[in-house]
Amino acid sequence: MLVLPIDGSQTLLVLAVPAPQFKDKANGVAATDRVTGAPLVEVPLALTVEGGQPQVLRMSVPQPSVPKDLAVGQMVKASGLTFVTGEKNGRAWQIFRASALTAVKAG
């Protein structure tokens with residue numbers, strides 16, 4: 001597994017509401033944070049790139065660290081942002097992880 005820290009200072013656009021992540025979806029086993037044991041959710045976010053195409057990020061976040069009123073179209077910042085990649089059962093995977101999402105106030 002490879003884990004790379006990423007600058008989390010840019011704002012991100014929420015593309016969909018958080019959805020639970022599963023360790024074993026067929027048996028309903030929720031994925032949990034390795035440090036806190038909190039359930040994980042996935043939040044699709046867009047990173048805008050000046051002069052280029054926005055990049056969609058699948059963001060994994062501990063559920064208690066996601067604002068309760070998070071809505072599509074809202075701007076957020078991700079703290080503790082990392083890019084994680086690895087292989088399981090012969091299949092490569094990658095996801096972005098954040099320790100928390102914080103709403104960015106408009107204005």
# chains A, B, ... in the order shown; residues from 1 in each chain; ligands from 1
>>> residues_around(residues="Ser65 of chain A", least_positions_apart="2", cutoff="9 Å", atoms="only C-alpha atoms", output="number ranges by chain")
A: 61-63, 67-68, 99-102
>>> write_last_selection(atoms="N, CA, C and O atoms", output="CSV table (one decimal), in the first residue's frame")
chain,number,residue,atom,x,y,z
A,61,VAL,N,-14.0,9.2,4.5
A,61,VAL,CA,-13.9,10.1,5.7
A,61,VAL,C,-14.6,9.4,6.8
A,61,VAL,O,-15.7,8.8,6.6
A,62,PRO,N,-14.0,9.4,8.1
A,62,PRO,CA,-14.8,8.9,9.2
A,62,PRO,C,-16.1,9.6,9.4
A,62,PRO,O,-16.1,10.9,9.3
A,63,GLN,N,-17.2,8.9,9.5
A,63,GLN,CA,-18.5,9.5,9.5
A,63,GLN,C,-18.7,10.7,10.5
A,63,GLN,O,-19.3,11.7,10.2
A,67,PRO,N,-19.6,17.0,8.2
A,67,PRO,CA,-20.7,17.9,8.7
A,67,PRO,C,-22.1,17.2,8.5
A,67,PRO,O,-22.4,16.7,7.4
A,68,LYS,N,-22.9,17.3,9.5
A,68,LYS,CA,-24.3,16.6,9.4
A,68,LYS,C,-25.1,17.2,8.3
A,68,LYS,O,-25.9,16.4,7.8
A,99,SER,N,-9.1,13.1,7.2
A,99,SER,CA,-9.5,12.9,8.6
A,99,SER,C,-10.8,13.7,8.9
A,99,SER,O,-11.5,13.3,9.8
A,100,ALA,N,-11.1,14.7,8.1
A,100,ALA,CA,-12.3,15.5,8.4
A,100,ALA,C,-12.6,16.4,7.2
A,100,ALA,O,-11.7,16.8,6.4
A,101,LEU,N,-13.9,16.7,7.0
A,101,LEU,CA,-14.3,17.7,6.0
A,101,LEU,C,-14.9,18.9,6.8
A,101,LEU,O,-15.6,18.7,7.8
A,102,THR,N,-14.6,20.1,6.4
A,102,THR,CA,-15.1,21.3,7.0
A,102,THR,C,-15.8,22.1,6.0
A,102,THR,O,-15.2,22.4,4.9
>>> residues_around(residues="Pro5 of chain A", least_positions_apart="4", cutoff="8 Å", atoms="only C-alpha atoms", output="mmCIF file with N, CA, C and O atoms, in the first residue's frame")
data_model
loop_
_atom_site.group_PDB
_atom_site.id
_atom_site.type_symbol
_atom_site.label_atom_id
_atom_site.label_comp_id
_atom_site.auth_asym_id
_atom_site.auth_seq_id
_atom_site.Cartn_x
_atom_site.Cartn_y
_atom_site.Cartn_z
ATOM 1 N N GLY A 80 -6.091 16.573 6.750
ATOM 2 C CA GLY A 80 -5.444 15.271 6.809
ATOM 3 C C GLY A 80 -5.593 14.495 5.516
ATOM 4 O O GLY A 80 -5.742 13.276 5.521
ATOM 5 N N LEU A 81 -5.548 15.199 4.387
ATOM 6 C CA LEU A 81 -5.803 14.591 3.081
ATOM 7 C C LEU A 81 -4.616 13.759 2.603
ATOM 8 O O LEU A 81 -3.480 14.215 2.617
ATOM 9 N N THR A 82 -4.907 12.512 2.204
ATOM 10 C CA THR A 82 -3.893 11.617 1.640
ATOM 11 C C THR A 82 -4.475 10.864 0.450
ATOM 12 O O THR A 82 -5.689 10.718 0.327
ATOM 13 N N PHE A 83 -3.586 10.398 -0.417
ATOM 14 C CA PHE A 83 -3.959 9.530 -1.525
ATOM 15 C C PHE A 83 -3.443 8.144 -1.175
ATOM 16 O O PHE A 83 -2.281 7.974 -0.832
#
>>> closest_atom_pairs(of="segment 40-88 of chain A", to="segment 16-33 of chain A", cutoff="7 Å", atoms="only C-alpha atoms", output="JSON lines")
{"residue": "A:Leu40", "atom": "CA", "partner": "A:Thr32", "partner_atom": "CA", "distance": 5.2}
{"residue": "A:Val41", "atom": "CA", "partner": "A:Pro20", "partner_atom": "CA", "distance": 4.3}
{"residue": "A:Glu42", "atom": "CA", "partner": "A:Ala19", "partner_atom": "CA", "distance": 5.3}
{"residue": "A:Val43", "atom": "CA", "partner": "A:Pro18", "partner_atom": "CA", "distance": 4.7}
{"residue": "A:Pro44", "atom": "CA", "partner": "A:Ala16", "partner_atom": "CA", "distance": 5.8}
{"residue": "A:Pro62", "atom": "CA", "partner": "A:Asp33", "partner_atom": "CA", "distance": 6.3}
{"residue": "A:Leu70", "atom": "CA", "partner": "A:Val17", "partner_atom": "CA", "distance": 6.9}
{"residue": "A:Ala71", "atom": "CA", "partner": "A:Val17", "partner_atom": "CA", "distance": 6.1}
{"residue": "A:Val72", "atom": "CA", "partner": "A:Ala16", "partner_atom": "CA", "distance": 5.2}
>>> write_last_selection(atoms="N, CA and C atoms", output="short mmCIF file (atom, residue, chain, number, x, y, z; two decimals), in the first residue's frame")
data_model
loop_
_atom_site.label_atom_id
_atom_site.label_comp_id
_atom_site.auth_asym_id
_atom_site.auth_seq_id
_atom_site.Cartn_x
_atom_site.Cartn_y
_atom_site.Cartn_z
N LEU A 40 -16.76 4.43 8.14
CA LEU A 40 -16.30 5.29 7.04
C LEU A 40 -17.43 5.55 6.05
N VAL A 41 -17.43 6.75 5.50
CA VAL A 41 -18.34 7.10 4.41
C VAL A 41 -17.50 7.57 3.23
N GLU A 42 -18.10 7.49 2.04
CA GLU A 42 -17.44 7.98 0.84
C GLU A 42 -18.22 9.19 0.34
N VAL A 43 -17.48 10.25 0.02
CA VAL A 43 -18.08 11.48 -0.47
C VAL A 43 -17.41 11.84 -1.80
N PRO A 44 -18.15 11.85 -2.92
CA PRO A 44 -17.56 12.29 -4.18
C PRO A 44 -17.40 13.81 -4.18
N PRO A 62 -14.04 9.43 8.06
CA PRO A 62 -14.79 8.88 9.20
C PRO A 62 -16.11 9.65 9.36
N LEU A 70 -24.18 18.35 5.37
CA LEU A 70 -23.45 18.39 4.10
C LEU A 70 -24.42 18.20 2.93
N ALA A 71 -24.32 19.08 1.93
CA ALA A 71 -25.26 19.05 0.82
C ALA A 71 -24.53 19.14 -0.51
N VAL A 72 -25.17 18.61 -1.55
CA VAL A 72 -24.63 18.70 -2.90
C VAL A 72 -24.48 20.17 -3.27
#
>>> atom_distance(atom1="atom CA of Val84 of chain A", atom2="atom CA of Met59 of chain A")
10.3 Å
>>> select_by_dssp(residues="chain A", states="helix (DSSP H, G or I)", output="MDAnalysis selection string")
chainID A and resid 25:27 63:65
>>> residues_around(residues="Val76 of chain A", least_positions_apart="2", cutoff="8 Å", atoms="only C-alpha atoms", output="ChimeraX atom specification")
/A:11-14,74,78,101-104
>>> write_last_selection(atoms="N, CA, C and O atoms", output="compact mmCIF listing (two decimals), in the first residue's frame")
# COMPACT_ATOMS: atom_id res chain seq x y z
N THR A 11 -10.33 24.38 -1.91
CA THR A 11 -11.71 24.03 -1.64
C THR A 11 -12.18 22.97 -2.64
O THR A 11 -11.70 22.91 -3.77
N LEU A 12 -13.10 22.15 -2.19
CA LEU A 12 -13.63 21.05 -2.98
C LEU A 12 -15.15 21.18 -3.05
O LEU A 12 -15.78 21.62 -2.09
N LEU A 13 -15.73 20.79 -4.17
CA LEU A 13 -17.17 20.87 -4.38
C LEU A 13 -17.81 19.50 -4.11
O LEU A 13 -17.38 18.50 -4.68
N VAL A 14 -18.82 19.47 -3.26
CA VAL A 14 -19.53 18.23 -2.93
C VAL A 14 -20.42 17.84 -4.12
O VAL A 14 -21.26 18.62 -4.55
N GLN A 74 -22.19 22.18 -2.03
CA GLN A 74 -21.51 22.87 -0.95
C GLN A 74 -20.00 22.80 -1.16
O GLN A 74 -19.48 21.84 -1.72
N ALA A 78 -10.73 19.64 3.04
CA ALA A 78 -10.40 18.34 3.62
C ALA A 78 -9.12 18.47 4.43
O ALA A 78 -8.09 18.91 3.91
N LEU A 101 -13.90 16.69 7.00
CA LEU A 101 -14.34 17.69 6.03
C LEU A 101 -14.92 18.86 6.82
O LEU A 101 -15.63 18.65 7.81
N THR A 102 -14.62 20.07 6.36
CA THR A 102 -15.12 21.28 7.01
C THR A 102 -15.80 22.15 5.97
O THR A 102 -15.22 22.41 4.91
N ALA A 103 -17.02 22.60 6.27
CA ALA A 103 -17.76 23.46 5.35
C ALA A 103 -17.05 24.79 5.22
O ALA A 103 -16.53 25.33 6.20
N VAL A 104 -17.02 25.31 3.99
CA VAL A 104 -16.44 26.62 3.72
C VAL A 104 -17.59 27.62 3.65
O VAL A 104 -18.54 27.41 2.87
>>> closest_residue(among="A:Lys105, A:Gly90, A:Leu2, A:Leu15", to="Gln55 of chain A", atoms="only C-alpha atoms")
A:Leu15
>>> select_by_dssp(residues="segment 2-76 of chain A", states="strand (DSSP E)", output="PyMOL selection string")
chain A and resi 2-5+12-14+19-20+22-24+29-30+40-47+55-62+75-76
>>> write_last_selection(atoms="N, CA and C atoms", output="mmCIF file, in the first residue's frame")
data_model
loop_
_atom_site.group_PDB
_atom_site.id
_atom_site.type_symbol
_atom_site.label_atom_id
_atom_site.label_comp_id
_atom_site.auth_asym_id
_atom_site.auth_seq_id
_atom_site.Cartn_x
_atom_site.Cartn_y
_atom_site.Cartn_z
ATOM 1 N N LEU A 2 0.502 2.239 -0.774
ATOM 2 C CA LEU A 2 1.217 3.502 -0.865
ATOM 3 C C LEU A 2 0.306 4.609 -0.350
ATOM 4 N N VAL A 3 0.821 5.454 0.550
ATOM 5 C CA VAL A 3 0.052 6.561 1.105
ATOM 6 C C VAL A 3 0.845 7.845 0.879
ATOM 7 N N LEU A 4 0.241 8.820 0.169
ATOM 8 C CA LEU A 4 0.902 10.084 -0.120
ATOM 9 C C LEU A 4 0.099 11.245 0.466
ATOM 10 N N PRO A 5 0.742 12.132 1.257
ATOM 11 C CA PRO A 5 0.019 13.298 1.767
ATOM 12 C C PRO A 5 -0.229 14.294 0.641
ATOM 13 N N LEU A 12 -13.095 22.147 -2.194
ATOM 14 C CA LEU A 12 -13.634 21.046 -2.982
ATOM 15 C C LEU A 12 -15.147 21.182 -3.054
ATOM 16 N N LEU A 13 -15.731 20.788 -4.166
ATOM 17 C CA LEU A 13 -17.171 20.866 -4.380
ATOM 18 C C LEU A 13 -17.805 19.505 -4.110
ATOM 19 N N VAL A 14 -18.824 19.472 -3.258
ATOM 20 C CA VAL A 14 -19.528 18.226 -2.933
ATOM 21 C C VAL A 14 -20.421 17.842 -4.116
ATOM 22 N N ALA A 19 -22.071 8.374 1.430
ATOM 23 C CA ALA A 19 -22.637 7.022 1.390
ATOM 24 C C ALA A 19 -21.751 6.102 2.230
ATOM 25 N N PRO A 20 -22.350 5.163 2.969
ATOM 26 C CA PRO A 20 -21.545 4.249 3.780
ATOM 27 C C PRO A 20 -20.575 3.441 2.924
ATOM 28 N N PHE A 22 -18.277 -0.116 2.721
ATOM 29 C CA PHE A 22 -18.371 -1.478 3.254
ATOM 30 C C PHE A 22 -17.069 -2.232 3.070
ATOM 31 N N LYS A 23 -16.707 -2.984 4.088
ATOM 32 C CA LYS A 23 -15.572 -3.899 4.011
ATOM 33 C C LYS A 23 -16.009 -5.147 3.247
ATOM 34 N N ASP A 24 -17.260 -5.571 3.514
ATOM 35 C CA ASP A 24 -17.870 -6.724 2.849
ATOM 36 C C ASP A 24 -19.327 -6.359 2.586
ATOM 37 N N VAL A 29 -20.996 -5.734 6.138
ATOM 38 C CA VAL A 29 -19.956 -5.377 7.100
ATOM 39 C C VAL A 29 -19.395 -4.003 6.735
ATOM 40 N N ALA A 30 -19.621 -3.027 7.611
ATOM 41 C CA ALA A 30 -19.177 -1.659 7.365
ATOM 42 C C ALA A 30 -17.658 -1.540 7.455
ATOM 43 N N LEU A 40 -16.764 4.433 8.140
ATOM 44 C CA LEU A 40 -16.302 5.290 7.044
ATOM 45 C C LEU A 40 -17.426 5.550 6.051
ATOM 46 N N VAL A 41 -17.425 6.755 5.497
ATOM 47 C CA VAL A 41 -18.337 7.102 4.410
ATOM 48 C C VAL A 41 -17.504 7.574 3.226
ATOM 49 N N GLU A 42 -18.098 7.489 2.041
ATOM 50 C CA GLU A 42 -17.445 7.981 0.836
ATOM 51 C C GLU A 42 -18.219 9.192 0.341
ATOM 52 N N VAL A 43 -17.478 10.251 0.023
ATOM 53 C CA VAL A 43 -18.080 11.485 -0.474
ATOM 54 C C VAL A 43 -17.408 11.836 -1.796
ATOM 55 N N PRO A 44 -18.151 11.846 -2.915
ATOM 56 C CA PRO A 44 -17.559 12.286 -4.183
ATOM 57 C C PRO A 44 -17.401 13.808 -4.178
ATOM 58 N N LEU A 45 -16.183 14.265 -4.439
ATOM 59 C CA LEU A 45 -15.870 15.692 -4.445
ATOM 60 C C LEU A 45 -15.187 16.061 -5.749
ATOM 61 N N ALA A 46 -15.306 17.318 -6.153
ATOM 62 C CA ALA A 46 -14.611 17.808 -7.346
ATOM 63 C C ALA A 46 -13.554 18.815 -6.918
ATOM 64 N N LEU A 47 -12.355 18.637 -7.470
ATOM 65 C CA LEU A 47 -11.249 19.568 -7.268
ATOM 66 C C LEU A 47 -11.160 20.400 -8.536
ATOM 67 N N GLN A 55 -11.252 17.640 -11.390
ATOM 68 C CA GLN A 55 -10.926 16.256 -11.087
ATOM 69 C C GLN A 55 -11.891 15.739 -10.025
ATOM 70 N N VAL A 56 -12.507 14.586 -10.274
ATOM 71 C CA VAL A 56 -13.409 13.977 -9.303
ATOM 72 C C VAL A 56 -12.591 13.098 -8.360
ATOM 73 N N LEU A 57 -12.789 13.300 -7.061
ATOM 74 C CA LEU A 57 -12.084 12.532 -6.034
ATOM 75 C C LEU A 57 -13.088 11.727 -5.231
ATOM 76 N N ARG A 58 -12.855 10.426 -5.105
ATOM 77 C CA ARG A 58 -13.630 9.597 -4.183
ATOM 78 C C ARG A 58 -12.959 9.743 -2.827
ATOM 79 N N MET A 59 -13.639 10.402 -1.880
ATOM 80 C CA MET A 59 -13.039 10.720 -0.596
ATOM 81 C C MET A 59 -13.628 9.840 0.502
ATOM 82 N N SER A 60 -12.765 9.149 1.227
ATOM 83 C CA SER A 60 -13.162 8.325 2.369
ATOM 84 C C SER A 60 -12.908 9.138 3.633
ATOM 85 N N VAL A 61 -13.951 9.246 4.480
ATOM 86 C CA VAL A 61 -13.874 10.085 5.682
ATOM 87 C C VAL A 61 -14.588 9.373 6.831
ATOM 88 N N PRO A 62 -14.037 9.425 8.059
ATOM 89 C CA PRO A 62 -14.788 8.882 9.198
ATOM 90 C C PRO A 62 -16.109 9.649 9.359
ATOM 91 N N MET A 75 -19.280 23.818 -0.695
ATOM 92 C CA MET A 75 -17.824 23.828 -0.757
ATOM 93 C C MET A 75 -17.274 23.380 0.604
ATOM 94 N N VAL A 76 -16.225 22.546 0.560
ATOM 95 C CA VAL A 76 -15.598 22.036 1.779
ATOM 96 C C VAL A 76 -14.087 22.063 1.627
#
>>> atom_distance(atom1="atom CA of Asp69 of chain A", atom2="atom CA of Arg34 of chain A")
25.1 Å
